[in-house]
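Below is work_26.txt, which holds compact mmCIF, C-alpha atoms and all ligand atoms.
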```txt
# COMPACT_ATOMS: atom_id res chain seq x y z
CA MET A 1494 -53.33 74.70 -4.23
CA THR A 1495 -51.83 76.67 -1.37
CA THR A 1496 -48.09 77.03 -1.22
CA GLN A 1497 -46.60 76.69 2.23
CA SER A 1498 -43.21 77.80 3.40
CA ALA A 1499 -40.54 75.71 5.11
CA THR A 1500 -38.64 77.88 7.55
CA THR A 1501 -35.09 77.32 8.76
CA SER A 1502 -32.63 78.99 11.07
CA SER A 1503 -30.36 79.92 8.15
CA PRO A 1504 -27.63 82.40 9.06
CA LEU A 1505 -26.69 82.71 5.37
CA PRO A 1506 -28.52 84.71 2.76
CA GLY A 1507 -29.97 82.22 0.32
CA THR A 1508 -32.85 81.95 -2.06
CA SER A 1509 -36.35 80.61 -1.87
CA ARG A 1510 -37.01 77.82 -4.37
CA LYS A 1511 -40.03 75.95 -5.67
CA ALA A 1512 -40.41 72.36 -4.55
CA TYR A 1513 -42.90 69.57 -3.91
CA GLY A 1514 -43.16 67.87 -0.58
CA ALA A 1515 -45.21 66.23 2.13
CA SER A 1516 -46.41 68.25 5.12
CA SER A 1517 -47.34 65.15 7.15
CA ALA A 1518 -47.27 61.35 6.91
CA ASP A 1519 -50.76 61.16 5.46
CA ALA A 1520 -50.67 64.27 3.25
CA GLN A 1521 -50.45 64.17 -0.51
CA LEU A 1522 -47.29 65.79 -1.86
CA ALA A 1523 -47.99 69.40 -2.80
CA PRO A 1524 -46.13 72.57 -3.86
CA LEU A 1525 -44.11 74.42 -1.26
CA THR A 1526 -41.08 76.67 -1.12
CA ILE A 1527 -37.72 75.78 0.41
CA PRO A 1528 -34.55 77.71 1.16
CA ARG A 1529 -31.33 77.04 -0.74
CA ARG A 1530 -28.08 78.51 0.51
CA ALA A 1531 -26.14 81.08 -1.48
CA PRO A 1532 -23.20 79.19 -2.99
CA LEU A 1533 -20.07 79.00 -0.88
CA ALA A 1534 -16.61 78.87 -2.46
CA GLN A 1535 -16.71 75.09 -3.05
CA ASP A 1536 -20.38 74.89 -4.07
CA VAL A 1537 -22.04 74.03 -7.36
CA VAL A 1538 -25.52 75.39 -8.10
CA ILE A 1539 -27.54 72.94 -10.18
CA ASP A 1540 -30.83 73.59 -11.93
CA ILE A 1541 -32.55 70.22 -11.68
CA LEU A 1542 -33.70 68.72 -14.98
CA PHE A 1543 -34.73 65.22 -13.86
CA CYS A 1544 -35.30 63.48 -10.54
CA GLY A 1545 -35.96 59.76 -10.12
CA VAL A 1546 -38.61 58.45 -7.74
CA CYS A 1547 -37.14 55.92 -5.30
CA HIS A 1548 -39.28 53.75 -3.05
CA SER A 1549 -37.29 55.29 -0.20
CA ASP A 1550 -38.93 58.63 -1.10
CA LEU A 1551 -42.30 57.04 -0.40
CA HIS A 1552 -41.13 55.35 2.84
CA GLN A 1553 -39.75 58.69 3.99
CA ALA A 1554 -42.66 60.92 2.90
CA ARG A 1555 -45.04 58.61 4.78
CA ASN A 1556 -42.79 58.33 7.85
CA GLU A 1557 -42.46 54.56 7.44
CA TRP A 1558 -38.96 54.71 8.94
CA HIS A 1559 -40.29 56.79 11.85
CA ASN A 1560 -37.76 59.62 11.53
CA THR A 1561 -39.26 62.04 9.00
CA VAL A 1562 -39.07 65.77 9.67
CA TYR A 1563 -41.87 67.73 7.93
CA PRO A 1564 -42.19 69.27 5.52
CA CYS A 1565 -40.28 66.57 3.66
CA VAL A 1566 -39.03 67.17 0.13
CA PRO A 1567 -37.82 63.80 -1.21
CA GLY A 1568 -35.65 63.06 -4.25
CA HIS A 1569 -32.07 61.75 -4.39
CA GLU A 1570 -31.69 60.75 -8.02
CA ILE A 1571 -30.82 64.14 -9.46
CA VAL A 1572 -29.47 65.22 -12.84
CA GLY A 1573 -29.25 68.87 -13.81
CA ARG A 1574 -27.27 71.67 -15.35
CA VAL A 1575 -24.69 73.75 -13.51
CA THR A 1576 -25.76 77.40 -13.42
CA GLN A 1577 -23.24 78.84 -10.96
CA VAL A 1578 -19.99 77.74 -9.31
CA GLY A 1579 -18.18 79.03 -6.22
CA SER A 1580 -14.70 80.56 -6.51
CA ALA A 1581 -12.88 77.39 -5.35
CA VAL A 1582 -14.70 74.96 -7.65
CA THR A 1583 -12.31 73.23 -10.06
CA ARG A 1584 -14.20 70.26 -11.56
CA PHE A 1585 -17.39 71.93 -12.83
CA GLU A 1586 -18.18 74.86 -15.08
CA VAL A 1587 -21.39 76.70 -15.81
CA GLY A 1588 -23.29 74.73 -18.46
CA ASP A 1589 -21.98 71.28 -17.44
CA PHE A 1590 -24.39 68.48 -16.64
CA ALA A 1591 -24.01 67.28 -13.07
CA ALA A 1592 -25.61 64.67 -10.82
CA VAL A 1593 -26.35 64.31 -7.12
CA GLY A 1594 -27.28 61.11 -5.34
CA CYS A 1595 -28.19 60.27 -1.75
CA LEU A 1596 -25.29 62.10 -0.08
CA VAL A 1597 -24.51 65.83 -0.02
CA ASP A 1598 -21.92 66.01 2.77
CA SER A 1599 -20.05 64.12 5.49
CA CYS A 1600 -17.27 64.84 8.00
CA ARG A 1601 -14.59 63.82 5.42
CA SER A 1602 -12.06 62.87 8.10
CA CYS A 1603 -13.37 59.78 9.96
CA PRO A 1604 -12.08 56.31 8.98
CA SER A 1605 -15.19 55.59 6.84
CA CYS A 1606 -14.94 58.91 4.97
CA ARG A 1607 -11.23 58.36 4.39
CA LYS A 1608 -12.04 54.98 2.86
CA GLY A 1609 -14.60 56.51 0.49
CA LEU A 1610 -17.50 55.11 2.50
CA GLU A 1611 -19.13 58.48 3.20
CA GLN A 1612 -22.49 56.74 3.61
CA PHE A 1613 -21.13 55.30 6.86
CA CYS A 1614 -19.58 58.57 8.12
CA GLU A 1615 -19.08 58.25 11.85
CA GLN A 1616 -20.14 61.90 12.31
CA HIS A 1617 -23.39 61.22 10.40
CA PRO A 1618 -23.48 61.56 6.65
CA THR A 1619 -25.67 64.38 5.37
CA PHE A 1620 -28.25 62.70 3.18
CA THR A 1621 -29.80 64.68 0.36
CA TYR A 1622 -33.12 65.00 2.20
CA ASN A 1623 -34.42 64.60 5.73
CA SER A 1624 -30.94 64.96 7.20
CA GLU A 1625 -29.48 67.70 9.40
CA ASP A 1626 -28.18 70.40 7.06
CA ARG A 1627 -24.54 71.16 7.96
CA HIS A 1628 -24.91 74.70 6.54
CA LEU A 1629 -28.46 75.90 7.14
CA GLY A 1630 -28.90 74.04 10.41
CA ALA A 1631 -32.33 72.67 9.63
CA VAL A 1632 -33.21 69.67 7.51
CA THR A 1633 -32.01 69.01 3.96
CA TYR A 1634 -34.47 69.13 1.05
CA GLY A 1635 -34.17 66.82 -1.94
CA GLY A 1636 -34.55 66.81 -5.67
CA TYR A 1637 -38.28 67.34 -6.07
CA SER A 1638 -37.28 70.97 -6.47
CA GLU A 1639 -36.06 73.40 -9.09
CA GLN A 1640 -32.52 73.83 -7.79
CA ILE A 1641 -29.97 72.35 -5.41
CA VAL A 1642 -26.68 73.71 -4.05
CA VAL A 1643 -24.06 71.03 -3.35
CA ASP A 1644 -20.38 70.94 -2.46
CA GLU A 1645 -18.46 69.84 -5.54
CA ALA A 1646 -16.92 66.99 -3.54
CA PHE A 1647 -20.40 65.41 -3.48
CA THR A 1648 -21.33 66.31 -7.07
CA LEU A 1649 -20.95 63.68 -9.77
CA LYS A 1650 -19.93 64.06 -13.40
CA VAL A 1651 -22.49 62.83 -15.94
CA PRO A 1652 -20.54 60.91 -18.61
CA ALA A 1653 -21.13 62.17 -22.15
CA GLY A 1654 -23.62 60.25 -24.24
CA LEU A 1655 -25.91 58.98 -21.49
CA ASP A 1656 -29.61 59.88 -21.75
CA LEU A 1657 -30.07 62.38 -18.92
CA ALA A 1658 -33.53 61.31 -17.73
CA ALA A 1659 -32.58 57.62 -17.76
CA THR A 1660 -29.33 58.42 -15.94
CA ALA A 1661 -31.03 60.06 -12.94
CA PRO A 1662 -32.05 56.79 -11.20
CA LEU A 1663 -28.48 55.50 -11.43
CA LEU A 1664 -27.75 57.90 -8.58
CA CYS A 1665 -29.59 55.65 -6.11
CA ALA A 1666 -31.03 52.54 -7.78
CA GLY A 1667 -27.80 52.18 -9.76
CA ILE A 1668 -25.23 52.59 -7.01
CA THR A 1669 -27.28 50.62 -4.46
CA THR A 1670 -27.15 47.53 -6.67
CA TYR A 1671 -23.70 48.08 -8.24
CA SER A 1672 -21.95 48.46 -4.88
CA PRO A 1673 -22.93 45.09 -3.32
CA LEU A 1674 -22.45 43.23 -6.60
CA ARG A 1675 -18.89 44.57 -6.70
CA HIS A 1676 -18.25 44.15 -2.97
CA TRP A 1677 -19.24 40.46 -3.06
CA ASN A 1678 -17.23 39.97 -6.28
CA VAL A 1679 -20.06 38.88 -8.53
CA GLY A 1680 -18.71 37.70 -11.86
CA PRO A 1681 -18.41 34.89 -14.41
CA GLY A 1682 -19.14 31.37 -13.22
CA GLN A 1683 -21.51 32.53 -10.49
CA LYS A 1684 -25.24 32.00 -10.16
CA VAL A 1685 -26.76 35.24 -8.89
CA GLY A 1686 -30.35 35.97 -7.87
CA ILE A 1687 -32.09 39.34 -7.94
CA VAL A 1688 -35.24 39.45 -5.79
CA GLY A 1689 -37.90 42.00 -6.81
CA LEU A 1690 -38.02 43.56 -10.25
CA GLY A 1691 -38.57 47.22 -9.41
CA GLY A 1692 -36.28 50.24 -9.65
CA LEU A 1693 -33.36 48.64 -7.80
CA GLY A 1694 -34.00 45.13 -9.07
CA HIS A 1695 -33.97 45.98 -12.77
CA MET A 1696 -30.61 47.72 -12.33
CA GLY A 1697 -29.33 44.71 -10.37
CA VAL A 1698 -30.17 42.54 -13.37
CA LYS A 1699 -28.35 44.82 -15.80
CA PHE A 1700 -25.22 45.05 -13.63
CA ALA A 1701 -25.07 41.34 -12.73
CA LYS A 1702 -25.38 40.49 -16.43
CA ALA A 1703 -22.70 43.03 -17.41
CA LEU A 1704 -20.40 41.55 -14.73
CA GLY A 1705 -20.73 38.14 -16.38
CA ALA A 1706 -22.86 36.23 -13.86
CA HIS A 1707 -25.69 33.79 -14.59
CA VAL A 1708 -28.67 35.90 -13.50
CA VAL A 1709 -31.96 34.62 -12.10
CA VAL A 1710 -34.78 37.05 -11.33
CA PHE A 1711 -37.29 36.31 -8.56
CA THR A 1712 -40.54 38.16 -9.00
CA THR A 1713 -44.03 38.03 -7.54
CA SER A 1714 -45.37 39.52 -10.79
CA PRO A 1715 -45.78 36.95 -13.60
CA GLY A 1716 -46.43 39.87 -15.95
CA LYS A 1717 -42.76 40.91 -15.62
CA ILE A 1718 -41.26 37.63 -16.92
CA GLN A 1719 -40.68 38.82 -20.49
CA ASP A 1720 -39.23 42.11 -19.29
CA ALA A 1721 -36.85 40.31 -16.95
CA LEU A 1722 -35.50 38.27 -19.86
CA ARG A 1723 -35.23 41.39 -22.04
CA LEU A 1724 -33.33 43.19 -19.26
CA GLY A 1725 -30.74 40.40 -19.26
CA ALA A 1726 -31.93 37.64 -16.91
CA HIS A 1727 -31.04 34.11 -17.97
CA GLU A 1728 -33.93 32.64 -15.94
CA VAL A 1729 -37.00 34.00 -14.17
CA VAL A 1730 -38.72 32.41 -11.17
CA VAL A 1731 -42.15 33.39 -9.90
CA SER A 1732 -41.28 33.31 -6.22
CA THR A 1733 -44.79 32.41 -5.09
CA ASN A 1734 -44.52 29.10 -6.99
CA GLN A 1735 -43.06 26.56 -4.51
CA GLU A 1736 -42.14 24.03 -7.19
CA GLU A 1737 -40.15 26.59 -9.20
CA MET A 1738 -38.38 27.70 -6.01
CA LYS A 1739 -37.47 24.09 -5.07
CA ASN A 1740 -35.79 23.59 -8.44
CA HIS A 1741 -33.17 26.16 -7.40
CA ALA A 1742 -32.48 24.88 -3.86
CA THR A 1743 -28.88 25.23 -2.62
CA SER A 1744 -27.59 26.50 -5.98
CA PHE A 1745 -26.82 30.24 -5.68
CA ASN A 1746 -23.53 31.97 -4.87
CA PHE A 1747 -25.17 35.31 -4.18
CA ILE A 1748 -28.68 36.76 -3.93
CA LEU A 1749 -29.54 40.48 -3.81
CA ASP A 1750 -32.87 41.20 -2.11
CA THR A 1751 -34.46 44.51 -3.18
CA VAL A 1752 -37.96 43.94 -1.79
CA SER A 1753 -39.64 46.97 -0.21
CA ALA A 1754 -42.23 45.10 1.90
CA GLN A 1755 -42.67 42.07 4.21
CA HIS A 1756 -41.48 38.78 2.69
CA ASP A 1757 -40.01 35.42 3.64
CA LEU A 1758 -36.21 35.53 3.92
CA GLY A 1759 -36.07 31.77 4.53
CA ALA A 1760 -37.43 31.10 1.04
CA PHE A 1761 -34.35 32.80 -0.44
CA LEU A 1762 -31.76 31.64 2.13
CA GLN A 1763 -32.63 28.05 1.18
CA LEU A 1764 -31.47 28.75 -2.34
CA LEU A 1765 -27.87 29.58 -1.31
CA LYS A 1766 -24.96 27.13 -1.56
CA VAL A 1767 -22.51 26.60 1.31
CA ASP A 1768 -20.98 30.02 2.10
CA GLY A 1769 -23.42 31.76 -0.23
CA THR A 1770 -24.58 35.27 0.72
CA LEU A 1771 -28.00 36.91 0.80
CA THR A 1772 -27.48 40.68 0.78
CA ILE A 1773 -30.47 42.81 1.63
CA VAL A 1774 -30.83 46.32 0.25
CA GLY A 1775 -34.63 46.62 0.52
CA ALA A 1776 -35.70 48.59 3.59
CA PRO A 1777 -39.22 47.51 4.62
CA GLU A 1778 -40.93 49.37 7.44
CA HIS A 1779 -41.06 46.40 9.83
CA PRO A 1780 -38.39 43.86 10.90
CA LEU A 1781 -38.32 40.55 8.99
CA PRO A 1782 -38.20 37.20 10.84
CA LEU A 1783 -34.93 35.33 10.29
CA PRO A 1784 -35.22 31.51 10.16
CA ILE A 1785 -31.93 30.69 11.87
CA PHE A 1786 -31.64 27.06 10.73
CA ASN A 1787 -31.59 28.20 7.12
CA LEU A 1788 -28.44 30.13 8.04
CA LEU A 1789 -26.72 27.41 10.09
CA ILE A 1790 -27.13 24.71 7.49
CA PRO A 1791 -25.14 24.95 5.30
CA ARG A 1792 -23.13 27.90 6.70
CA ARG A 1793 -24.84 30.72 4.81
CA ASN A 1794 -24.31 34.48 5.18
CA ILE A 1795 -26.81 37.27 5.46
CA ALA A 1796 -25.69 40.86 4.91
CA GLY A 1797 -26.86 44.38 4.13
CA SER A 1798 -25.62 47.25 2.01
CA LEU A 1799 -26.40 50.97 1.84
CA ILE A 1800 -26.04 52.97 -1.39
CA GLY A 1801 -22.29 53.53 -2.09
CA GLY A 1802 -19.62 56.17 -1.56
CA ILE A 1803 -18.97 59.12 -3.86
CA GLN A 1804 -15.95 57.65 -5.65
CA GLU A 1805 -17.77 54.37 -6.25
CA THR A 1806 -20.83 56.26 -7.53
CA GLN A 1807 -18.64 57.98 -10.13
CA GLU A 1808 -17.11 54.59 -11.00
CA MET A 1809 -20.64 53.19 -11.46
CA LEU A 1810 -21.62 56.07 -13.77
CA ASP A 1811 -18.46 55.53 -15.84
CA PHE A 1812 -19.18 51.76 -15.91
CA CYS A 1813 -22.66 52.57 -17.25
CA ALA A 1814 -21.22 54.77 -19.98
CA ALA A 1815 -18.70 52.07 -20.95
CA HIS A 1816 -21.38 49.33 -21.01
CA ASN A 1817 -24.18 51.46 -22.45
CA ILE A 1818 -26.38 50.96 -19.38
CA VAL A 1819 -29.13 53.31 -18.22
CA CYS A 1820 -32.44 52.80 -16.42
CA ASP A 1821 -35.75 51.90 -18.03
CA ILE A 1822 -37.94 54.83 -17.11
CA GLU A 1823 -41.41 56.33 -17.31
CA LEU A 1824 -41.23 60.12 -17.41
CA ILE A 1825 -43.90 61.84 -15.31
CA PRO A 1826 -44.79 65.45 -14.53
CA MET A 1827 -44.31 66.71 -10.97
CA SER A 1828 -48.09 66.68 -10.50
CA GLY A 1829 -48.08 62.92 -11.20
CA ILE A 1830 -46.07 62.11 -8.07
CA ASN A 1831 -48.97 61.05 -5.84
CA GLN A 1832 -50.29 58.68 -8.48
CA ALA A 1833 -46.76 57.36 -9.03
CA TYR A 1834 -46.50 56.49 -5.31
CA GLU A 1835 -49.78 54.55 -5.53
CA ARG A 1836 -48.45 52.65 -8.55
CA LEU A 1837 -45.17 51.89 -6.74
CA LEU A 1838 -47.19 50.21 -4.01
CA LYS A 1839 -48.89 48.02 -6.61
CA ASN A 1840 -45.51 46.96 -8.12
CA ASP A 1841 -46.64 48.80 -11.23
CA VAL A 1842 -43.51 50.63 -12.38
CA LYS A 1843 -41.42 49.84 -15.47
CA TYR A 1844 -38.99 50.31 -13.97
CA ARG A 1845 -38.40 53.76 -12.52
CA PHE A 1846 -40.53 56.89 -12.52
CA VAL A 1847 -38.51 59.98 -13.34
CA ILE A 1848 -39.93 63.47 -12.83
CA ASP A 1849 -39.44 65.94 -15.66
CA MET A 1850 -38.65 68.94 -13.46
CA ALA A 1851 -39.48 71.43 -16.22
CA SER A 1852 -43.09 70.60 -15.32
CA LEU A 1853 -42.61 72.10 -11.85
CA GLN A 1854 -42.17 75.57 -13.37
CA ALA A 1855 -45.34 75.17 -15.37
CA GLU A 1856 -47.38 73.82 -12.45
CA VAL A 1857 -46.30 76.07 -9.66
CA GLY A 1858 -46.03 79.15 -11.88
N1 LIG B 1 -30.12 49.91 0.93
C1 LIG B 1 -30.17 51.04 0.23
O1 LIG B 1 -29.19 51.79 0.16
C2 LIG B 1 -31.42 51.40 -0.49
C3 LIG B 1 -31.37 52.35 -1.52
C4 LIG B 1 -32.53 52.60 -2.25
C5 LIG B 1 -33.71 51.94 -1.93
N2 LIG B 1 -33.72 51.07 -0.88
C6 LIG B 1 -34.93 50.33 -0.54
O2 LIG B 1 -35.05 49.23 -1.44
C7 LIG B 1 -36.43 48.88 -1.58
C8 LIG B 1 -36.77 48.81 -3.07
O3 LIG B 1 -36.71 50.11 -3.64
P1 LIG B 1 -37.20 50.32 -5.14
O4 LIG B 1 -37.14 51.78 -5.36
O5 LIG B 1 -36.51 49.39 -6.05
O6 LIG B 1 -38.74 49.88 -5.01
P2 LIG B 1 -39.76 49.37 -6.14
O7 LIG B 1 -39.42 49.96 -7.45
O8 LIG B 1 -41.11 49.59 -5.55
O9 LIG B 1 -39.45 47.79 -6.23
C9 LIG B 1 -39.68 46.91 -5.17
C10 LIG B 1 -40.05 45.54 -5.76
O10 LIG B 1 -40.17 44.61 -4.68
C11 LIG B 1 -41.12 43.62 -5.03
N3 LIG B 1 -42.12 43.57 -3.95
C12 LIG B 1 -42.89 44.58 -3.48
N4 LIG B 1 -43.68 44.15 -2.49
C13 LIG B 1 -43.41 42.84 -2.33
C14 LIG B 1 -43.87 41.83 -1.43
N5 LIG B 1 -44.80 42.10 -0.50
N6 LIG B 1 -43.34 40.59 -1.52
C15 LIG B 1 -42.40 40.30 -2.43
N7 LIG B 1 -41.93 41.20 -3.32
C16 LIG B 1 -42.43 42.46 -3.27
C17 LIG B 1 -41.76 44.05 -6.34
O11 LIG B 1 -41.12 43.31 -7.38
P3 LIG B 1 -41.88 42.14 -8.18
O12 LIG B 1 -43.10 42.77 -8.78
O13 LIG B 1 -40.87 41.72 -9.18
O14 LIG B 1 -42.18 41.07 -7.17
C18 LIG B 1 -41.40 45.51 -6.44
O15 LIG B 1 -41.37 45.93 -7.78
C19 LIG B 1 -37.21 49.94 -0.82
O16 LIG B 1 -37.51 49.43 0.47
C20 LIG B 1 -36.22 51.09 -0.70
O17 LIG B 1 -36.45 51.92 0.40
C21 LIG B 1 -32.60 50.79 -0.17
ZN ZN B 2 -33.16 55.78 -3.21
ZN ZN B 3 -16.98 60.91 8.27
```
Would you kindly transcribe this structure into structure tokens?
Amino acid sequence: MTTQSATTSSPLPGTSRKAYGASSADAQLAPLTIPRRAPLAQDVVIDILFCGVCHSDLHQARNEWHNTVYPCVPGHEIVGRVTQVGSAVTRFEVGDFAAVGCLVDSCRSCPSCRKGLEQFCEQHPTFTYNSEDRHLGAVTYGGYSEQIVVDEAFTLKVPAGLDLAATAPLLCAGITTYSPLRHWNVGPGQKVGIVGLGGLGHMGVKFAKALGAHVVVFTTSPGKIQDALRLGAHEVVVSTNQEEMKNHATSFNFILDTVSAQHDLGAFLQLLKVDGTLTIVGAPEHPLPLPIFNLLIPRRNIAGSLIGGIQETQEMLDFCAAHNIVCDIELIPMSGINQAYERLLKNDVKYRFVIDMASLQAEVG
């Protein structure tokens, strides 16, 4: 396979690193090289050990959100080992395990940043990939690569004792479900729905259970019923079965929708009690119709949520360590990424693919 080069306008001397990425919306992911900056005083250099495969990676690689800059190197569920630290770094040492999620920088001074909501930075958060790079000036490249250089303020501590590969997807699937469950105060005495049992959904089930709620999974895949129960659901509903859906009408306090494709929001709104909330975290390519009368009667809420801030991501990792929670994963080699994307589209993942990045060295040479 040919290796292509991604050029940038870097003013800083950096290094060229092996990666895997897409060169266009309809290209298979393939080896390429990317620049990484030389570490600045506050930077941590991380050799990537594991990187989770989020459905957002697929949306982005295939330009389904219509903003992808190519070549695109996805990956924002990163766990690795620190190999170098800048002179001003205080929280990490060479040899530590470290993690990086969806954010690598922000302005740090706007009202959102000051509140720990860096994902809503008013000067544009720097996402881990496909975002303007505040240092190199071009686009950021993600975790499907051998190394990443990140400011320590955006680098997370991996709590001792967690399996490293199964921890990686916590950095997106974990925080994206933990944050709304906490924000909407999910807890004991509440009936909570999780729609879609994929990477996000299976973490939603684990967190909602750990927070003490009565958890109901909605799936389109009857083959996932036993898994849903094993993961902690109290009940499972096959959402294509109208009778089963009717049995739960007007009974939920909160529903978290993680679906990655077109689906009927009205079917889930109808299940909420008065003042209940449907929070959407799934990010399908096309807009979804909103049946307004299902909102008006009886005074229901619809909301959205995007990942979580850095402090909350660390809190989520510590919560996982305290509650012995990690992701259910299938480890794949880097060369398996294109097949993994095809399986994601068939809802055939149990429940997160994680790339063993050691395979990148072997494959790319
Ligand atoms: N808001 C955020 O911050 C954020 C962060 C990360 C990801 N996301 C987005 O969240 C979505 C899910 O990501 P993921 O990584 O969890 O994806 P995933 O592992 O592919 O899971 C998505 C699940 O949705 C269900 N589903 C898929 N197509 C469906 C359809 N047509 N109708 C009904 N259900 C369907 C399937 O569950 P069943 O088989 O159980 O039906 C599938 O397993 C993606 O759009 C992703 O981009 C958002
Ligand atoms: Zn993600
Ligand atoms: Zn900001």
Could you give me the centre and size, in Å to one decimal, of an axis-aligned box around all listed atoms of region 1537-1550 of chain A with 3 Å added on every side, as lines of an AutoDock Vina configuration file?
```
center_x = -30.7
center_y = 64.6
center_z = -7.6
size_x = 23.2
size_y = 27.6
size_z = 20.8
```
Exercise for the section: Output the neighbourhood of ligand LIG 1 (chain B) as a PyMOL selection string, that is, all protein and nucleic acid residues with some atom at most 6 Å from the ligand, counting all atoms listed in the file. Expected result: chain A and resi 1547-1549+1665-1666+1669+1689-1694+1712-1714+1751-1756+1774-1777+1798-1800+1837+1840
Just C-alpha atoms for this one: save the residues we selected as an mmCIF file, in the frame of the given file.
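Wrote it out as part.cif, contents follow:
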```cif
data_model
loop_
_atom_site.group_PDB
_atom_site.id
_atom_site.type_symbol
_atom_site.label_atom_id
_atom_site.label_comp_id
_atom_site.auth_asym_id
_atom_site.auth_seq_id
_atom_site.Cartn_x
_atom_site.Cartn_y
_atom_site.Cartn_z
ATOM 1 C CA CYS A 1547 -37.140 55.920 -5.300
ATOM 2 C CA HIS A 1548 -39.280 53.750 -3.050
ATOM 3 C CA SER A 1549 -37.290 55.290 -0.200
ATOM 4 C CA CYS A 1665 -29.590 55.650 -6.110
ATOM 5 C CA ALA A 1666 -31.030 52.540 -7.780
ATOM 6 C CA THR A 1669 -27.280 50.620 -4.460
ATOM 7 C CA GLY A 1689 -37.900 42.000 -6.810
ATOM 8 C CA LEU A 1690 -38.020 43.560 -10.250
ATOM 9 C CA GLY A 1691 -38.570 47.220 -9.410
ATOM 10 C CA GLY A 1692 -36.280 50.240 -9.650
ATOM 11 C CA LEU A 1693 -33.360 48.640 -7.800
ATOM 12 C CA GLY A 1694 -34.000 45.130 -9.070
ATOM 13 C CA THR A 1712 -40.540 38.160 -9.000
ATOM 14 C CA THR A 1713 -44.030 38.030 -7.540
ATOM 15 C CA SER A 1714 -45.370 39.520 -10.790
ATOM 16 C CA THR A 1751 -34.460 44.510 -3.180
ATOM 17 C CA VAL A 1752 -37.960 43.940 -1.790
ATOM 18 C CA SER A 1753 -39.640 46.970 -0.210
ATOM 19 C CA ALA A 1754 -42.230 45.100 1.900
ATOM 20 C CA GLN A 1755 -42.670 42.070 4.210
ATOM 21 C CA HIS A 1756 -41.480 38.780 2.690
ATOM 22 C CA VAL A 1774 -30.830 46.320 0.250
ATOM 23 C CA GLY A 1775 -34.630 46.620 0.520
ATOM 24 C CA ALA A 1776 -35.700 48.590 3.590
ATOM 25 C CA PRO A 1777 -39.220 47.510 4.620
ATOM 26 C CA SER A 1798 -25.620 47.250 2.010
ATOM 27 C CA LEU A 1799 -26.400 50.970 1.840
ATOM 28 C CA ILE A 1800 -26.040 52.970 -1.390
ATOM 29 C CA LEU A 1837 -45.170 51.890 -6.740
ATOM 30 C CA ASN A 1840 -45.510 46.960 -8.120
#
```
How close does each residue of chain A get to ligand ZN 3 (chain B), giving the shortest atom pair and distance in Å to one decimal for every residue with an atom at most 8 Å away, counting only C-alpha atoms and all ligand atoms, sorted by chain and residue number, as JSON lines?
```
{"residue": "A:Ser1599", "atom": "CA", "partner": "B:ZN3", "partner_atom": "ZN", "distance": 5.2}
{"residue": "A:Cys1600", "atom": "CA", "partner": "B:ZN3", "partner_atom": "ZN", "distance": 3.9}
{"residue": "A:Arg1601", "atom": "CA", "partner": "B:ZN3", "partner_atom": "ZN", "distance": 4.7}
{"residue": "A:Ser1602", "atom": "CA", "partner": "B:ZN3", "partner_atom": "ZN", "distance": 5.3}
{"residue": "A:Cys1603", "atom": "CA", "partner": "B:ZN3", "partner_atom": "ZN", "distance": 4.1}
{"residue": "A:Pro1604", "atom": "CA", "partner": "B:ZN3", "partner_atom": "ZN", "distance": 6.8}
{"residue": "A:Ser1605", "atom": "CA", "partner": "B:ZN3", "partner_atom": "ZN", "distance": 5.8}
{"residue": "A:Cys1606", "atom": "CA", "partner": "B:ZN3", "partner_atom": "ZN", "distance": 4.4}
{"residue": "A:Arg1607", "atom": "CA", "partner": "B:ZN3", "partner_atom": "ZN", "distance": 7.4}
{"residue": "A:Glu1611", "atom": "CA", "partner": "B:ZN3", "partner_atom": "ZN", "distance": 6.0}
{"residue": "A:Phe1613", "atom": "CA", "partner": "B:ZN3", "partner_atom": "ZN", "distance": 7.1}
{"residue": "A:Cys1614", "atom": "CA", "partner": "B:ZN3", "partner_atom": "ZN", "distance": 3.5}
{"residue": "A:Glu1615", "atom": "CA", "partner": "B:ZN3", "partner_atom": "ZN", "distance": 4.9}
{"residue": "A:Gln1616", "atom": "CA", "partner": "B:ZN3", "partner_atom": "ZN", "distance": 5.2}
{"residue": "A:His1617", "atom": "CA", "partner": "B:ZN3", "partner_atom": "ZN", "distance": 6.8}
{"residue": "A:Pro1618", "atom": "CA", "partner": "B:ZN3", "partner_atom": "ZN", "distance": 6.7}
```
Practice task
Identify, on the basis of only C-alpha atoms, every residue whose closest approach to region 1727-1737 of chain A does not exceed 10 Å; exclude the query and any residue fewer than 6 positions from it along the same chain; express the result as a PyMOL selection string.
Solution key: chain A and resi 1684+1686-1689+1698+1702+1706-1721+1760-1761
Problem - Counting all atoms listed in the file, the residue of A:Leu1664, A:Ile1641, A:Ile1848, A:Ala1534 that sits nearest ligand ZN 2 (chain B) - result: A:Leu1664
Problem - Spatial neighbours of Val1546 (chain A), 10 Å, only C-alpha atoms, chain gap at least 4 places, as a PyMOL selection string - result: chain A and resi 1550-1551+1567-1571+1636-1637+1661-1662+1665-1666+1692+1825+1830+1833-1834+1837+1845-1848
Practice task
Choose the residue, out of A:Ala1653, A:Ala1815, A:Val1562, A:Leu1596, that has the smallest atom-to-atom separation from ligand ZN 2 (chain B); count all atoms listed in the file.
Solution key: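 Ranking A:Ala1653, A:Ala1815, A:Val1562, A:Leu1596 by distance to ligand ZN 2 (chain B), first place goes to A:Leu1596.
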Handout entry: For Pro1673 (chain A), the nearest of the candidates A:Ala1796, A:Val1587, A:Leu1838, A:Cys1813, counting only C-alpha atoms
Key = A:Ala1796
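Between CA of Leu1758 (chain A) and CA of Val1679 (chain A) the interatomic distance comes to 20.7 Å.
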